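J.: Here you go, run.txt (compact mmCIF, C-alpha atoms):
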```txt
# COMPACT_ATOMS: atom_id res chain seq x y z
CA MET W 1 -8.13 23.20 11.07
CA ALA W 2 -6.92 19.83 12.36
CA SER W 3 -6.65 18.64 8.76
CA GLY W 4 -3.99 21.21 8.00
CA GLY W 5 -5.97 22.50 5.07
CA PRO W 6 -8.97 24.77 4.95
CA GLU W 7 -11.81 24.28 7.44
CA PRO W 8 -13.01 20.65 7.04
CA GLY W 9 -16.40 20.47 5.35
CA GLY W 10 -16.15 24.07 4.17
CA ALA W 11 -16.45 25.23 0.57
CA LEU W 12 -12.68 25.27 0.04
CA ASP W 13 -12.19 21.84 1.59
CA ARG W 14 -14.93 20.38 -0.61
CA LEU W 15 -13.31 21.92 -3.68
CA ILE W 16 -9.96 20.32 -2.79
CA GLN W 17 -11.52 16.90 -2.13
CA LEU W 18 -13.18 16.94 -5.56
CA LEU W 19 -10.13 18.26 -7.41
CA ALA W 20 -8.07 15.44 -5.86
CA LYS W 21 -10.29 12.94 -7.72
CA LEU W 22 -9.05 14.15 -11.11
CA PRO W 23 -6.45 11.89 -12.71
CA GLY W 24 -2.99 13.41 -12.31
CA LEU W 25 -3.88 15.42 -9.22
CA GLY W 26 -3.07 14.10 -5.73
CA PRO W 27 -3.94 15.73 -2.40
CA ARG W 28 -0.99 18.12 -2.57
CA SER W 29 -1.53 19.28 -6.15
CA ALA W 30 -5.28 19.53 -5.51
CA ARG W 31 -4.55 22.04 -2.71
CA ARG W 32 -2.29 23.98 -5.04
CA ALA W 33 -4.91 23.90 -7.81
CA ALA W 34 -7.58 25.15 -5.40
CA LEU W 35 -5.42 28.11 -4.33
CA HIS W 36 -4.63 28.78 -7.99
CA LEU W 37 -8.37 28.85 -8.73
CA ILE W 38 -9.13 31.11 -5.76
CA ALA W 39 -6.43 33.52 -6.88
CA ARG W 40 -7.95 33.60 -10.40
CA ARG W 41 -11.64 33.71 -9.59
CA GLU W 42 -12.86 35.70 -12.55
CA ALA W 43 -10.30 34.52 -15.09
CA LEU W 44 -10.36 30.79 -14.35
CA MET W 45 -12.64 29.50 -11.56
CA GLY W 46 -15.81 31.12 -12.89
CA PRO W 47 -15.27 30.05 -16.52
CA LEU W 48 -14.20 26.53 -15.50
CA SER W 49 -17.27 26.07 -13.32
CA ALA W 50 -19.46 27.28 -16.20
CA ALA W 51 -17.66 25.08 -18.75
CA MET W 52 -18.30 22.02 -16.58
CA ALA W 53 -21.94 22.93 -16.12
CA GLU W 54 -22.27 23.35 -19.89
CA ALA W 55 -20.43 20.10 -20.71
CA LEU W 56 -22.70 18.37 -18.21
CA VAL W 57 -25.74 19.02 -20.38
CA ALA W 58 -24.21 19.49 -23.85
CA VAL W 59 -21.69 16.66 -24.21
CA LYS W 60 -23.04 13.21 -24.94
CA ALA W 61 -21.88 9.98 -26.52
CA CYS W 62 -22.51 9.65 -30.27
CA SER W 63 -25.16 6.93 -30.63
CA LEU W 64 -23.38 5.66 -33.75
CA CYS W 65 -19.69 5.50 -32.80
CA GLY W 66 -19.50 6.38 -29.07
CA ASN W 67 -17.34 9.50 -29.55
CA MET W 68 -18.03 12.36 -27.14
CA ASP W 69 -19.44 15.46 -28.81
CA THR W 70 -22.08 18.14 -28.41
CA SER W 71 -24.02 16.75 -31.39
CA ASP W 72 -25.40 13.27 -32.09
CA PRO W 73 -24.29 11.86 -34.53
CA CYS W 74 -20.89 13.40 -33.75
CA ALA W 75 -18.96 15.72 -36.08
CA ILE W 76 -16.87 12.82 -37.42
CA CYS W 77 -19.85 10.58 -38.21
CA ARG W 78 -21.59 13.53 -39.93
CA ASP W 79 -18.54 14.50 -41.99
CA PRO W 80 -19.23 13.50 -45.63
CA GLY W 81 -15.52 13.85 -46.40
CA ARG W 82 -14.71 10.85 -44.23
CA ASP W 83 -14.06 7.50 -45.87
CA GLN W 84 -17.21 5.46 -45.21
CA GLY W 85 -15.33 2.28 -46.05
CA VAL W 86 -13.09 2.10 -42.98
CA ILE W 87 -13.92 1.97 -39.28
CA CYS W 88 -11.20 2.21 -36.64
CA VAL W 89 -12.10 0.43 -33.40
CA VAL W 90 -10.58 2.04 -30.28
CA GLU W 91 -10.94 1.48 -26.54
CA GLY W 92 -11.65 5.05 -25.48
CA VAL W 93 -12.33 8.57 -26.74
CA GLY W 94 -8.78 9.54 -25.72
CA ASP W 95 -7.45 6.96 -28.21
CA LEU W 96 -9.72 8.43 -30.91
CA TRP W 97 -8.30 11.88 -30.24
CA ALA W 98 -4.75 10.52 -30.36
CA ILE W 99 -5.36 8.96 -33.80
CA GLU W 100 -6.96 12.20 -35.02
CA ARG W 101 -3.86 14.09 -33.88
CA SER W 102 -1.71 11.78 -36.00
CA GLY W 103 -3.64 12.97 -39.05
CA ALA W 104 -3.09 9.55 -40.65
CA PHE W 105 -6.67 8.25 -40.60
CA ARG W 106 -9.61 9.63 -42.55
CA GLY W 107 -12.24 6.97 -41.90
CA ARG W 108 -14.70 6.75 -39.04
CA TYR W 109 -14.45 5.26 -35.56
CA HIS W 110 -16.09 2.89 -33.16
CA VAL W 111 -15.39 3.49 -29.46
CA LEU W 112 -15.75 0.37 -27.32
CA GLY W 113 -15.63 2.24 -24.02
CA GLY W 114 -12.99 0.00 -22.46
CA HIS W 115 -11.50 -3.46 -22.86
CA LEU W 116 -12.47 -6.96 -21.79
CA SER W 117 -11.08 -7.75 -18.35
CA ALA W 118 -11.65 -10.92 -16.38
CA ILE W 119 -10.17 -9.33 -13.25
CA ASP W 120 -12.45 -6.30 -13.38
CA GLY W 121 -15.41 -8.41 -14.48
CA ILE W 122 -15.85 -6.57 -17.78
CA GLY W 123 -17.45 -8.80 -20.40
CA PRO W 124 -18.54 -8.18 -24.02
CA ASP W 125 -21.95 -6.89 -22.86
CA ASP W 126 -20.27 -4.11 -20.88
CA LEU W 127 -18.63 -2.74 -24.03
CA ARG W 128 -20.17 -1.12 -27.12
CA ILE W 129 -19.50 -4.24 -29.20
CA ALA W 130 -23.10 -5.01 -30.22
CA GLY W 131 -23.37 -1.55 -31.81
CA LEU W 132 -20.49 -2.40 -34.15
CA MET W 133 -22.30 -5.29 -35.85
CA PRO W 134 -24.93 -3.26 -37.78
CA ARG W 135 -22.12 -1.06 -39.14
CA LEU W 136 -20.35 -3.96 -40.88
CA GLY W 137 -22.39 -4.01 -44.12
CA PRO W 138 -21.45 -2.20 -47.38
CA PRO W 139 -19.83 0.24 -48.08
CA LEU W 140 -17.55 -0.97 -45.26
CA ARG W 141 -14.35 -2.65 -46.53
CA GLU W 142 -12.06 -2.65 -43.52
CA VAL W 143 -12.06 -2.59 -39.74
CA VAL W 144 -8.81 -1.37 -38.14
CA LEU W 145 -8.41 -2.72 -34.60
CA ALA W 146 -6.48 0.08 -32.86
CA LEU W 147 -6.63 -1.31 -29.34
CA ASN W 148 -3.91 -0.84 -26.75
CA ALA W 149 -0.92 -3.17 -27.03
CA THR W 150 -1.65 -4.52 -23.56
CA VAL W 151 -2.78 -8.04 -22.68
CA ASP W 152 -6.36 -6.86 -22.12
CA GLY W 153 -6.33 -4.72 -25.26
CA GLN W 154 -5.07 -7.59 -27.41
CA THR W 155 -7.57 -10.02 -25.86
CA THR W 156 -10.32 -7.57 -26.77
CA ALA W 157 -8.92 -7.20 -30.31
CA HIS W 158 -8.89 -10.98 -30.70
CA TYR W 159 -12.50 -11.22 -29.51
CA VAL W 160 -13.72 -8.45 -31.83
CA ALA W 161 -11.79 -9.91 -34.77
CA GLY W 162 -13.56 -13.24 -34.17
CA LEU W 163 -16.95 -11.56 -34.40
CA ILE W 164 -16.12 -9.79 -37.66
CA GLU W 165 -14.72 -12.86 -39.45
CA HIS W 166 -16.75 -14.11 -42.42
CA LYS W 167 -18.61 -10.80 -42.72
CA GLY W 168 -16.82 -9.88 -45.94
CA VAL W 169 -14.81 -7.15 -44.24
CA SER W 170 -11.04 -7.20 -43.89
CA VAL W 171 -9.70 -6.84 -40.35
CA THR W 172 -6.36 -5.14 -39.73
CA ARG W 173 -4.29 -4.13 -36.69
CA LEU W 174 -1.78 -1.40 -35.95
CA ALA W 175 1.82 -2.33 -36.74
CA HIS W 176 4.25 -2.97 -33.89
CA GLY W 177 7.69 -1.44 -34.20
CA VAL W 178 10.23 1.14 -33.13
CA PRO W 179 8.53 4.42 -32.09
CA VAL W 180 9.57 7.32 -34.35
CA GLY W 181 12.42 9.09 -32.56
CA GLY W 182 12.91 6.09 -30.28
CA GLU W 183 16.33 4.77 -29.30
CA LEU W 184 16.87 1.04 -29.66
CA ASP W 185 18.86 0.84 -26.45
CA TYR W 186 15.84 1.97 -24.43
CA LEU W 187 13.30 -0.21 -26.22
CA ASP W 188 11.79 -3.28 -24.58
CA ASP W 189 12.68 -6.69 -26.05
CA GLY W 190 9.15 -7.45 -27.24
CA THR W 191 8.93 -4.29 -29.35
CA LEU W 192 12.40 -4.81 -30.79
CA ALA W 193 11.57 -8.41 -31.70
CA ALA W 194 8.32 -7.31 -33.36
CA ALA W 195 10.13 -4.57 -35.29
CA LEU W 196 12.75 -7.07 -36.53
CA LYS W 197 10.13 -9.62 -37.55
CA ALA W 198 8.22 -6.96 -39.52
CA ARG W 199 11.36 -5.48 -41.15
CA ARG W 200 10.90 -3.94 -44.60
CA PRO W 201 13.12 -3.29 -47.62
CA SER W 202 15.01 -0.05 -47.12
CA GLU W 203 13.72 2.85 -49.25
CA SER W 204 16.84 4.86 -49.80
CA MET N 205 -11.32 17.88 -35.60
CA ALA N 206 -8.08 19.27 -37.02
CA SER N 207 -6.87 19.80 -33.45
CA GLY N 208 -7.03 16.10 -32.72
CA GLY N 209 -9.23 16.68 -29.74
CA PRO N 210 -12.90 17.46 -29.49
CA GLU N 211 -14.47 19.96 -31.91
CA PRO N 212 -12.53 23.25 -31.52
CA GLY N 213 -14.57 25.90 -29.76
CA GLY N 214 -17.09 23.34 -28.50
CA ALA N 215 -18.04 22.74 -24.88
CA LEU N 216 -15.57 19.88 -24.45
CA ASP N 217 -12.72 21.78 -26.08
CA ARG N 218 -13.34 24.79 -23.81
CA LEU N 219 -13.35 22.52 -20.76
CA ILE N 220 -9.97 21.06 -21.76
CA GLN N 221 -8.45 24.49 -22.44
CA LEU N 222 -9.46 25.67 -18.96
CA LEU N 223 -8.39 22.48 -17.18
CA ALA N 224 -4.96 22.82 -18.82
CA LYS N 225 -4.49 26.10 -16.94
CA LEU N 226 -4.48 24.32 -13.57
CA PRO N 227 -1.02 23.82 -12.08
CA GLY N 228 0.11 20.24 -12.55
CA LEU N 229 -2.09 19.62 -15.60
CA GLY N 230 -0.67 19.93 -19.12
CA PRO N 231 -2.58 19.55 -22.40
CA ARG N 232 -2.43 15.76 -22.29
CA SER N 233 -3.54 15.36 -18.67
CA ALA N 234 -6.22 18.02 -19.19
CA ARG N 235 -7.69 15.87 -21.97
CA ARG N 236 -7.60 12.84 -19.69
CA ALA N 237 -9.19 14.84 -16.86
CA ALA N 238 -11.97 16.06 -19.16
CA LEU N 239 -12.80 12.50 -20.25
CA HIS N 240 -12.67 11.41 -16.60
CA LEU N 241 -15.16 14.17 -15.75
CA ILE N 242 -17.45 13.29 -18.66
CA ALA N 243 -17.44 9.65 -17.58
CA ARG N 244 -18.40 10.70 -14.04
CA ARG N 245 -20.95 13.42 -14.74
CA GLU N 246 -23.16 13.00 -11.72
CA ALA N 247 -20.51 11.80 -9.26
CA LEU N 248 -17.77 14.32 -10.06
CA MET N 249 -18.37 16.91 -12.80
CA GLY N 250 -21.64 18.24 -11.36
CA PRO N 251 -20.37 18.49 -7.76
CA LEU N 252 -17.05 20.01 -8.86
CA SER N 253 -18.79 22.65 -10.96
CA ALA N 254 -21.05 23.46 -7.99
CA ALA N 255 -18.13 23.52 -5.53
CA MET N 256 -16.31 26.04 -7.72
CA ALA N 257 -19.41 28.20 -8.06
CA GLU N 258 -19.84 28.10 -4.27
CA ALA N 259 -16.17 28.85 -3.54
CA LEU N 260 -16.43 31.74 -5.99
CA VAL N 261 -18.85 33.57 -3.73
CA ALA N 262 -18.11 32.04 -0.30
CA VAL N 263 -14.31 31.99 -0.02
CA LYS N 264 -12.58 35.28 0.74
CA ALA N 265 -9.34 36.50 2.28
CA CYS N 266 -9.42 37.11 6.05
CA SER N 267 -9.09 40.89 6.49
CA LEU N 268 -6.87 40.33 9.54
CA CYS N 269 -4.38 37.67 8.45
CA GLY N 270 -5.00 37.02 4.75
CA ASN N 271 -5.92 33.35 5.16
CA MET N 272 -8.59 32.01 2.77
CA ASP N 273 -11.81 31.03 4.52
CA THR N 274 -15.57 31.25 4.22
CA SER N 275 -15.71 33.56 7.25
CA ASP N 276 -13.99 36.86 7.98
CA PRO N 277 -12.13 36.91 10.36
CA CYS N 278 -11.08 33.36 9.49
CA ALA N 279 -11.49 30.33 11.76
CA ILE N 280 -7.90 30.63 13.03
CA CYS N 281 -8.16 34.34 13.89
CA ARG N 282 -11.47 33.70 15.70
CA ASP N 283 -10.15 30.70 17.66
CA PRO N 284 -9.75 31.79 21.33
CA GLY N 285 -7.56 28.75 21.99
CA ARG N 286 -4.82 30.17 19.75
CA ASP N 287 -1.80 31.84 21.37
CA GLN N 288 -2.37 35.58 20.82
CA GLY N 289 1.30 36.22 21.58
CA VAL N 290 2.80 34.71 18.41
CA ILE N 291 2.27 35.52 14.75
CA CYS N 292 3.79 33.37 12.01
CA VAL N 293 4.46 35.27 8.78
CA VAL N 294 4.15 33.15 5.62
CA GLU N 295 4.24 33.86 1.90
CA GLY N 296 1.06 32.08 0.90
CA VAL N 297 -2.00 30.24 2.17
CA GLY N 298 -0.43 26.96 1.05
CA ASP N 299 2.45 27.60 3.48
CA LEU N 300 -0.06 28.29 6.26
CA TRP N 301 -1.75 24.96 5.54
CA ALA N 302 1.62 23.17 5.55
CA ILE N 303 2.49 24.59 9.00
CA GLU N 304 -0.97 23.65 10.29
CA ARG N 305 -0.39 20.09 9.07
CA SER N 306 2.82 19.92 11.11
CA GLY N 307 0.73 20.55 14.24
CA ALA N 308 3.72 22.33 15.79
CA PHE N 309 2.35 25.88 15.84
CA ARG N 310 -0.57 27.15 17.91
CA GLY N 311 -0.31 30.90 17.33
CA ARG N 312 -1.85 32.96 14.56
CA TYR N 313 -0.68 33.82 11.05
CA HIS N 314 -0.02 36.67 8.70
CA VAL N 315 -0.13 35.83 4.98
CA LEU N 316 1.93 38.20 2.83
CA GLY N 317 0.50 36.96 -0.45
CA GLY N 318 3.91 36.48 -2.10
CA HIS N 319 7.49 37.63 -1.78
CA LEU N 320 9.46 40.70 -2.82
CA SER N 321 10.87 40.25 -6.30
CA ALA N 322 12.82 42.81 -8.28
CA ILE N 323 12.51 40.71 -11.44
CA ASP N 324 8.72 40.42 -11.23
CA GLY N 325 8.38 44.03 -10.04
CA ILE N 326 6.81 43.06 -6.71
CA GLY N 327 7.51 45.67 -4.03
CA PRO N 328 6.44 46.00 -0.39
CA ASP N 329 3.20 47.74 -1.41
CA ASP N 330 2.16 44.70 -3.44
CA LEU N 331 2.29 42.48 -0.35
CA ARG N 332 0.15 42.51 2.80
CA ILE N 333 2.99 44.01 4.84
CA ALA N 334 1.25 47.21 5.95
CA GLY N 335 -1.50 45.11 7.58
CA LEU N 336 1.08 43.45 9.81
CA MET N 337 2.12 46.68 11.58
CA PRO N 338 -1.09 47.27 13.60
CA ARG N 339 -0.85 43.68 14.86
CA LEU N 340 2.55 44.21 16.53
CA GLY N 341 1.31 45.71 19.83
CA PRO N 342 0.68 43.75 23.07
CA PRO N 343 -0.08 40.93 23.74
CA LEU N 344 2.25 40.05 20.82
CA ARG N 345 5.66 38.73 21.97
CA GLU N 346 7.06 37.05 18.89
CA VAL N 347 6.94 37.10 15.10
CA VAL N 348 8.11 33.88 13.41
CA LEU N 349 9.28 34.54 9.86
CA ALA N 350 8.40 31.28 8.06
CA LEU N 351 9.26 32.39 4.53
CA ASN N 352 10.62 30.10 1.86
CA ALA N 353 14.37 29.36 2.04
CA THR N 354 14.79 30.89 -1.43
CA VAL N 355 16.67 34.08 -2.27
CA ASP N 356 13.41 36.01 -2.70
CA GLY N 357 11.91 34.51 0.45
CA GLN N 358 14.94 35.40 2.52
CA THR N 359 15.09 38.91 1.06
CA THR N 360 11.48 39.36 2.09
CA ALA N 361 12.20 38.00 5.57
CA HIS N 362 15.09 40.43 5.93
CA TYR N 363 12.88 43.33 4.87
CA VAL N 364 10.03 42.39 7.25
CA ALA N 365 12.49 41.83 10.12
CA GLY N 366 13.82 45.35 9.56
CA LEU N 367 10.32 46.81 9.93
CA ILE N 368 9.64 44.95 13.17
CA GLU N 369 12.92 45.86 14.88
CA HIS N 370 12.59 48.16 17.89
CA LYS N 371 8.88 47.38 18.28
CA GLY N 372 9.48 45.33 21.45
CA VAL N 373 8.67 42.08 19.66
CA SER N 374 11.18 39.28 19.19
CA VAL N 375 11.70 38.10 15.62
CA THR N 376 12.60 34.48 14.89
CA ARG N 377 13.11 32.33 11.78
CA LEU N 378 12.70 28.65 10.98
CA ALA N 379 15.79 26.54 11.63
CA HIS N 380 17.78 25.19 8.69
CA GLY N 381 18.92 21.59 8.90
CA VAL N 382 18.61 18.01 7.74
CA PRO N 383 15.00 17.15 6.79
CA VAL N 384 13.56 14.41 9.02
CA GLY N 385 14.03 11.14 7.15
CA GLY N 386 16.56 12.80 4.84
CA GLU N 387 19.77 11.11 3.73
CA LEU N 388 22.96 13.16 4.06
CA ASP N 389 24.33 11.85 0.79
CA TYR N 390 21.44 13.42 -1.15
CA LEU N 391 21.48 16.73 0.72
CA ASP N 392 22.75 19.93 -0.87
CA ASP N 393 25.94 21.45 0.54
CA GLY N 394 24.22 24.58 1.88
CA THR N 395 21.77 22.64 4.00
CA LEU N 396 24.47 20.33 5.30
CA ALA N 397 26.68 23.29 6.23
CA ALA N 398 23.75 24.99 8.00
CA ALA N 399 22.92 21.79 9.89
CA LEU N 400 26.55 21.42 11.00
CA LYS N 401 26.79 25.03 12.11
CA ALA N 402 23.58 24.72 14.15
CA ARG N 403 24.56 21.35 15.67
CA ARG N 404 23.20 20.64 19.15
CA PRO N 405 24.24 18.47 22.10
CA SER N 406 22.98 14.92 21.60
CA GLU N 407 20.04 14.06 23.84
CA SER N 408 20.23 10.44 24.92
```
Using structure tokens, write down the structure that the file contains.

T.:
Amino acid sequence: MASGGPEPGGALDRLIQLLAKLPGLGPRSARRAALHLIARREALMGPLSAAMAEALVAVKACSLCGNMDTSDPCAICRDPGRDQGVICVVEGVGDLWAIERSGAFRGRYHVLGGHLSAIDGIGPDDLRIAGLMPRLGPPLREVVLALNATVDGQTTAHYVAGLIEHKGVSVTRLAHGVPVGGELDYLDDGTLAAALKARRPSES
Amino acid sequence: MASGGPEPGGALDRLIQLLAKLPGLGPRSARRAALHLIARREALMGPLSAAMAEALVAVKACSLCGNMDTSDPCAICRDPGRDQGVICVVEGVGDLWAIERSGAFRGRYHVLGGHLSAIDGIGPDDLRIAGLMPRLGPPLREVVLALNATVDGQTTAHYVAGLIEHKGVSVTRLAHGVPVGGELDYLDDGTLAAALKARRPSES
């Protein structure tokens, strides 16, 4: 018990070590999560263990768009109600989910699986960029580049836009501006400048 | 995909719902954790699922002290190097681990499994208090009440102290005072008053 946790190397210790690898959980919260699980064996630990085992075999990347789903092609790619003329390019599946939550997009997606990064040694071949090319023919009209507004995200957007040029497809990007509900006083200068530059006639 | 996450009711959705029940993870961080797990199937999701399944059957409460361990009695209760004359009473296993990490206690423990709470309807019979009584005979000299410095914790300490009185065992509590590394300016008045009242001759 020198570690001040459960017996090192034991089942409980192993559980804590693994929980601590989840994003958002550190060593302290991993210990708390482990005790929470132990206290709710039947209601939580059993089902969670089973859900992971099931996801392990059932969840795979859609071979068309890269979304994570239990079917391939994924539910979005199979949905005939989706606009086949627009593809939204995102970095990760989390971004896809965020756009779905907004309810403002009814086309399909293409998940790159990351962004270009010289520092991390991630080049075009490490991303799902090649798989985008065969999707560019008709009926596609537009590719929306919804990459993160970070340096790496914008570099990636620039690179992808270069590949799509002259393919007869229009390329668009998300607008920069004031977040809805945001206070100007707390906004960074870059966003405020972008919002001013893109100002629109007032619709009163 | 109306939920803006994975397909509702699917394997991935179920995983996220369960992860969101862990302390420290909300809906957003549960989604991130699920994607993190999917991206690290072999390295993390498989082992974590297995660790939970193992803990489910292997980890149990020590019938003597209430600590969580894979053996019963637990490793601490079985350790002959532990001082058999002192028992430290704590609310939960997390508190036991915290005291072990301090390295300042070499006796044994008694885990109550919570604190008395009129609001939550938790009475003495809901805690492991009865199990403490048979442990009070010789060679026991001292019971350290290491309960939380909250109203409920101190109520519980008061109640337990009352039961131990006149059993020929001395009852002690943790000292209140300035946390090591703490700044007086940020300290609450109660702690500062307690630290002043318990002031000691300077050793230098």

J.: Residues of chain N near chain W: apply a cut-off of 8 Å, count only C-alpha atoms, and supply the list as a PDB file with C-alpha atoms, keeping the file's coordinate frame.

T.:
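To be explicit, this is the file written out as result09.pdb:
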```pdb
ATOM      1  CA  MET N 205     -11.320  17.880 -35.600  1.00  0.00           C
ATOM      2  CA  ALA N 206      -8.080  19.270 -37.020  1.00  0.00           C
ATOM      3  CA  SER N 207      -6.870  19.800 -33.450  1.00  0.00           C
ATOM      4  CA  GLY N 208      -7.030  16.100 -32.720  1.00  0.00           C
ATOM      5  CA  GLY N 209      -9.230  16.680 -29.740  1.00  0.00           C
ATOM      6  CA  PRO N 210     -12.900  17.460 -29.490  1.00  0.00           C
ATOM      7  CA  GLU N 211     -14.470  19.960 -31.910  1.00  0.00           C
ATOM      8  CA  GLY N 214     -17.090  23.340 -28.500  1.00  0.00           C
ATOM      9  CA  ALA N 215     -18.040  22.740 -24.880  1.00  0.00           C
ATOM     10  CA  LEU N 216     -15.570  19.880 -24.450  1.00  0.00           C
ATOM     11  CA  ARG N 218     -13.340  24.790 -23.810  1.00  0.00           C
ATOM     12  CA  LEU N 219     -13.350  22.520 -20.760  1.00  0.00           C
ATOM     13  CA  LEU N 222      -9.460  25.670 -18.960  1.00  0.00           C
ATOM     14  CA  LEU N 223      -8.390  22.480 -17.180  1.00  0.00           C
ATOM     15  CA  LYS N 225      -4.490  26.100 -16.940  1.00  0.00           C
ATOM     16  CA  LEU N 226      -4.480  24.320 -13.570  1.00  0.00           C
ATOM     17  CA  PRO N 227      -1.020  23.820 -12.080  1.00  0.00           C
ATOM     18  CA  GLY N 228       0.110  20.240 -12.550  1.00  0.00           C
ATOM     19  CA  LEU N 229      -2.090  19.620 -15.600  1.00  0.00           C
ATOM     20  CA  SER N 233      -3.540  15.360 -18.670  1.00  0.00           C
ATOM     21  CA  ARG N 235      -7.690  15.870 -21.970  1.00  0.00           C
ATOM     22  CA  ARG N 236      -7.600  12.840 -19.690  1.00  0.00           C
ATOM     23  CA  ALA N 237      -9.190  14.840 -16.860  1.00  0.00           C
ATOM     24  CA  LEU N 239     -12.800  12.500 -20.250  1.00  0.00           C
ATOM     25  CA  HIS N 240     -12.670  11.410 -16.600  1.00  0.00           C
ATOM     26  CA  LEU N 241     -15.160  14.170 -15.750  1.00  0.00           C
ATOM     27  CA  ILE N 242     -17.450  13.290 -18.660  1.00  0.00           C
ATOM     28  CA  ARG N 245     -20.950  13.420 -14.740  1.00  0.00           C
ATOM     29  CA  LEU N 248     -17.770  14.320 -10.060  1.00  0.00           C
ATOM     30  CA  MET N 249     -18.370  16.910 -12.800  1.00  0.00           C
ATOM     31  CA  GLY N 250     -21.640  18.240 -11.360  1.00  0.00           C
ATOM     32  CA  PRO N 251     -20.370  18.490  -7.760  1.00  0.00           C
ATOM     33  CA  LEU N 252     -17.050  20.010  -8.860  1.00  0.00           C
ATOM     34  CA  SER N 253     -18.790  22.650 -10.960  1.00  0.00           C
ATOM     35  CA  ALA N 254     -21.050  23.460  -7.990  1.00  0.00           C
ATOM     36  CA  ALA N 255     -18.130  23.520  -5.530  1.00  0.00           C
ATOM     37  CA  MET N 256     -16.310  26.040  -7.720  1.00  0.00           C
ATOM     38  CA  ALA N 257     -19.410  28.200  -8.060  1.00  0.00           C
ATOM     39  CA  GLU N 258     -19.840  28.100  -4.270  1.00  0.00           C
ATOM     40  CA  ALA N 259     -16.170  28.850  -3.540  1.00  0.00           C
ATOM     41  CA  LEU N 260     -16.430  31.740  -5.990  1.00  0.00           C
ATOM     42  CA  ALA N 262     -18.110  32.040  -0.300  1.00  0.00           C
ATOM     43  CA  VAL N 263     -14.310  31.990  -0.020  1.00  0.00           C
ATOM     44  CA  MET N 272      -8.590  32.010   2.770  1.00  0.00           C
ATOM     45  CA  ASP N 273     -11.810  31.030   4.520  1.00  0.00           C
ATOM     46  CA  THR N 274     -15.570  31.250   4.220  1.00  0.00           C
ATOM     47  CA  ALA N 279     -11.490  30.330  11.760  1.00  0.00           C
ATOM     48  CA  ILE N 280      -7.900  30.630  13.030  1.00  0.00           C
ATOM     49  CA  VAL N 297      -2.000  30.240   2.170  1.00  0.00           C
ATOM     50  CA  GLY N 298      -0.430  26.960   1.050  1.00  0.00           C
ATOM     51  CA  TRP N 301      -1.750  24.960   5.540  1.00  0.00           C
ATOM     52  CA  ALA N 302       1.620  23.170   5.550  1.00  0.00           C
ATOM     53  CA  ILE N 303       2.490  24.590   9.000  1.00  0.00           C
ATOM     54  CA  GLU N 304      -0.970  23.650  10.290  1.00  0.00           C
ATOM     55  CA  ARG N 305      -0.390  20.090   9.070  1.00  0.00           C
ATOM     56  CA  SER N 306       2.820  19.920  11.110  1.00  0.00           C
ATOM     57  CA  GLY N 307       0.730  20.550  14.240  1.00  0.00           C
TER      58      GLY N 307
END
```

J.: Between atom CA of W:Thr150 and atom CA of W:Gly162, measure the distance and give it in Å to one decimal.

T.: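 Atom-to-atom, atom CA of W:Thr150 and atom CA of W:Gly162 are spaced 18.2 Å apart.
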
J.: Work out how far atom CA of W:Cys62 is from atom CA of W:Gly85, in Å to one decimal.

T.: 18.8 Å

J.: As an exercise, work out the distance from atom CA of N:Ala334 to atom CA of N:Leu349 in Å and give it to one decimal place.

T.: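 Separating atom CA of N:Ala334 from atom CA of N:Leu349 is a distance of 15.5 Å.
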
J.: Give me, as a ChimeraX atom specification, all polymer residues having an atom no more than 12 Å from W:Gly168, counting all atoms listed in the file and skipping those fewer than 5 positions away in the same chain.

T.: /W:136-143,163

J.: Considering all atoms listed in the file, can you say which of N:Pro277, N:Gly311, N:Gly318, N:Pro338 comes closest to N:Cys292?

T.: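 Between N:Pro277, N:Gly311, N:Gly318, N:Pro338, the residue approaching N:Cys292 most closely is N:Gly311.
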